[in-house]
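**Q** Take this structure first; my questions come after.
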Amino acid sequence: MMIKKLTAVLLLFFVSVFSFAQSGKKLDKIIKRDYQIIEGTISKISDKTVEYSLPGETLIISLDVSQIARIDFASGRSQTFDVSQGNNASSNSPIIAAAETKPNRIAVLPVPYLNSDTQESSEDMAKFAQNDLYNKLIDKSSNIFPLTVQDLRTTNSLLHKAGIDHNNIDETPIEDLEKILGVDNIVAAKVSYSMNSGTTATTYSSGDAKVSDNNKKVKTSDVSTTTASTQVYYYYTVYFDMYKNASKIYSQTRKPFLAIKDSWMDSITYLLKRSPIYTKK
C-alpha cells in the first residue's frame with residue numbers, strides 16, 4: 001500500500017516538474033510586417049511559409065513569409081526576411097506599413113552602446129545616448145533649419161511596434177526605417193568601448209631631525225604612508241552616420257582624445273557640428 005502511494009506521489013511530482021518546465025519554456029517570436037508580434041514554437045521554415053504552434057496548442061499554423069519581417073528564435077538567433085520576398089503577395093497588402101512621410105523631418109535612432117571586449121550591449125546606455133543626441137539636435141534647432149527633429153516618443157513607439165530596438169537596429173535597411181518612422185532624414189550613431197585600469201601609488205613622509213653634540217650625527221625619526229588609487233580608463237570609438245532619402249550623406253568615425261567615462265559625448269558633439277545639416281549662426 002505504501003509503495004503505491006509513493007509511486008503516485010512521485011508520478012505527480014514528475015508531472016508537475018514537466019508542466020513547470022513547459023510553462024517556463026522560451027518561445028520563438030515572429031515579427032510581422034504589419035507590426036504584429038506572434039509568440040509560439042516554430043516547427044518548419046520553407047521558401048514560402050513558416051509553420052508554428054501557439055503556446056499550449058498542438059495545432060500547426062502556416063504563415064506566408066511575405067508577411068514576416070523577422071523571426072527572433074528562442075535560442076537568441078534572429079533571421080531577417082528580405083523585403084523582396086513579399087513581391088508575390090497581393091498588391092493590396094503592403095510589404096511595410098509605412099507612416100506618412102513628413103518632409104524635412106529627422107529622426108534619431110537608438111544608439112547601440114557596445115562593450116567590444118564582452119560584446120554586451122547596454123539598453124540603458126543606448127537610451128541615454130539616443131536622448132543625449134536628441135537633446136543636442138533640439139538645442140541646435142536653429143543650426144539645422146529647415147530640419148525639425150521628430151519627438152523621441154514617436155520614434156521609439158514606431159520602432160517598438162515594428163519589433164526594432166538597439167539590438168537589431170543595424171540589421172534594418174535605412175529605407176525601411178524611413179518608411180516606418182515617416183521621415184526623410186535619419187541620424188544613426190553607435191558607441192563601442194573597451195576598459196582598462198591602472199594603479200598609482202603615492203608615498204607621503206613626515207618626521208624630525210636631531211643633532212647630537214657629541215658625535216655630530218644626525219638622527220631622524222621618519223614616518224611614511226603609501227596610498228594606492230585605481231583609475232579606470234575608457235577607450236571609445238564613435239560611429240556617426242546621416243541619411244537623407246535613404247542615401248548616406250555623412251559618415252565619420254572618431255576616437256575621443258581623453259580616456260574618461262563620458263568622453264564619447266564630446267565626440268558626438270564634434271561630429272554633429274561638422275555634419276552637412278549643421279550651419280553656423
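Just so we're on the same page: first chain in the C-alpha cells is A, next is B, and so on; residues restart at 1 for each chain, and ligands are numbered from 1 in the order they show up.
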Using only C-alpha atoms, determine which residues lie at most 7 Å from Ala69 (chain A), disregarding the query and same-chain residues fewer than 6 positions distant; provide the list as a ChimeraX atom specification.

**A** /A:31-33,80-81

**Q** Could you list, as a list in words, every residue within 9 Å of Val187 (chain A), counting only C-alpha atoms and ignoring same-chain residues fewer than 2 positions away?

**A**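 My list of contacting residues is Ile106, Ala107, Val108, Leu109, Asn185, Ala189, Phe240, Asp241, Met242 and Tyr243 of chain A.
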
**Q** Closest to Asp184 (chain A) among A:Lys102, A:His166, A:Lys248, A:Lys261, using only C-alpha atoms?

**A**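 Comparing A:Lys102, A:His166, A:Lys248, A:Lys261 against Asp184 (chain A), the winner is A:Lys102.
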
**Q** Pick out each residue of region 106-176 of chain A that DSSP on the backbone tags as helix (DSSP H, G or I); I need them as number ranges by chain.

**A** A: 123-139, 141-143, 152-161, 169-171, 174-176

**Q** Residues within 6 Å of Leu114 (chain A), please, as JSON, numbers by chain. Count only C-alpha atoms; anything in the same chain fewer than 4 positions from it doesn't count.

**A** {"A": [120, 121, 192]}

**Q** Go through region 218-281 of chain A and collect every residue that DSSP, computed from the backbone, puts in strand (DSSP E); the answer should be as a VMD selection string.

**A** chain A and resid 218 to 244 247 to 254

**Q** Which of these, A:Ser78, A:Leu152, A:Asn196, A:Glu100, has the shortest distance to Lys179 (chain A) once you count only C-alpha atoms?

**A**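 Closest to Lys179 (chain A), using only C-alpha atoms: A:Glu100.
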